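Here's the structure we're looking at; comments come further down.
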Amino acid sequence: MNDPLVLSQIFVMQIQERSASYKCSDYLSRTHVIGPSHRHALCQWGYETIAACNGVSRSTAVAAITYFDRFLSSNTPAAERALNDVVECQLAFVTSLVIALKIHAGFKKVESDFVSGVITRNAYGADEINSMELEILSSLSWKFNGPTPYDFIDYFLEVMPDVNGTCLEGIRSLSKTLVELAVTRYDTVMHLPSEIAFASIFCCIHHLELALPADSLRFLQTISGVEVREGHTRSLFQTMVHLVSECRVASETPPLVSRVCSPPSIMEDI
């Protein structure tokens with residue numbers, strides 16, 4: 001359904017994601033200390049921690065990953081320290097997750113002592129977490145309402161014509177699982193959320209072998225502004241095609257994890 005209000009909101013979100021405040025850079029090119037494997041391990045820990053918080057959506061972890069990437073892209077002194085110190089980098093991710101819990105999960109107050117003692121198992125003190133929170137808030141100019149791939153998936157599917165409700169929900173579920181996998185990979189960091197969302201929907205439709213009208217896909221491609229064969233997005237689609245086979249396995253994983261892993265133990269396994 002081509003709701004003009006929804007189309008207008010998509011347009012506003014696309015302007016926002018292209019602004020300098022929300023774009024990410026190739027920040028790992030500025031360090032020889034932190035690599036893609038470190039980032040991947042932290043992202044996985046974030047999902048496990050969120051899973052241990054009953055009733056909290058995995059979209060909160062996706063938002064935390066976004067904050068972490070933007071912070072490390074900010075070129076601030078605090079970001080540079082995190083890029084050149086594994087302990088500081090872990091602290092930045094933990095704090096990004098705390099901020100996401102406050103904004104997206106309705107946790108109006110997350111006690112630093114709880115984060116220090118329970119979530120990080122005393123790897124960091126409450127003062128360190130509070131200090132890093134202020135650094136991230138300042139580095140991102142207190143801008144935390146940018147769109148995520150999750151948001152674009154919901155809006156894109158809302159205006160996608162000629163798709164029945166059951167089919168739509170199947171696409172939505174699988175696309176979001178694919179996004180969760182994709183954002184853990186460093187090669188997706190510099191892609192816009194709308195590009196990641198469109199690529200996930202496009203690949204899911206093909207993976208599920210859905211016989212959708214060609215006009216539906218063309219319309220979605222038009223409003224997303226994504227060109228499948230462009231060099232900039234070709235690698236993203238190749239990544240999505242590789243990941244889409246993993247989505248069903250990921251979607252069958254039990255929604256709750258019975259433990260909370262500390263970041264240091266994950267980092268030591270790399």
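Following the order of the structure tokens, chains are lettered A, B, ..., residues in each are numbered from 1, and ligands are numbered from 1.
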
Counting only C-alpha atoms, which residues in segment 4-40 of chain A sit no more than 9 Å from segment 179-188 of chain A? For each one, give the nearest pair of atoms and the distance in Å, sorted by chain then residue number, as a Markdown table.
| residue | atom | partner | partner_atom | distance |
| --- | --- | --- | --- | --- |
| A:Asp26 | CA | A:Tyr186 | CA | 8.9 |
| A:Leu28 | CA | A:Tyr186 | CA | 8.9 |
| A:Gly35 | CA | A:Tyr186 | CA | 8.9 |
| A:Pro36 | CA | A:Tyr186 | CA | 5.8 |
| A:Ser37 | CA | A:Tyr186 | CA | 8.7 |
| A:Arg39 | CA | A:Thr184 | CA | 7.4 |
| A:His40 | CA | A:Thr184 | CA | 5.3 |

**OP:** Please provide the set of residues having any atom within 6 Å of segment 64-68 of chain A, restricted to only C-alpha atoms, with same-chain residues fewer than 5 positions apart removed, written as number ranges by chain.
**Re:** A: 93, 96-97, 100

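Closest to Val33 of chain A among A:Met160, A:Ile129, A:Val87, A:Ala211 is A:Val87, based on only C-alpha atoms.
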
**OP:** Find the spatial neighbours of Phe156 of chain A, counting only C-alpha atoms, within a cut-off of 9 Å - ignore same-chain residues fewer than 2 positions away - and output them as a PyMOL selection string.
**Re:** chain A and resi 6-7+10+151-154+158-160+197-198+201+220+223-224

Subject >> Residue contacts of Leu178 of chain A (12 Å, only C-alpha atoms) excluding same-chain residues fewer than 5 positions away, as a ChimeraX atom specification >> reply: /A:62,149-150,153,171-173,183-185,196-205,207,237,239-251
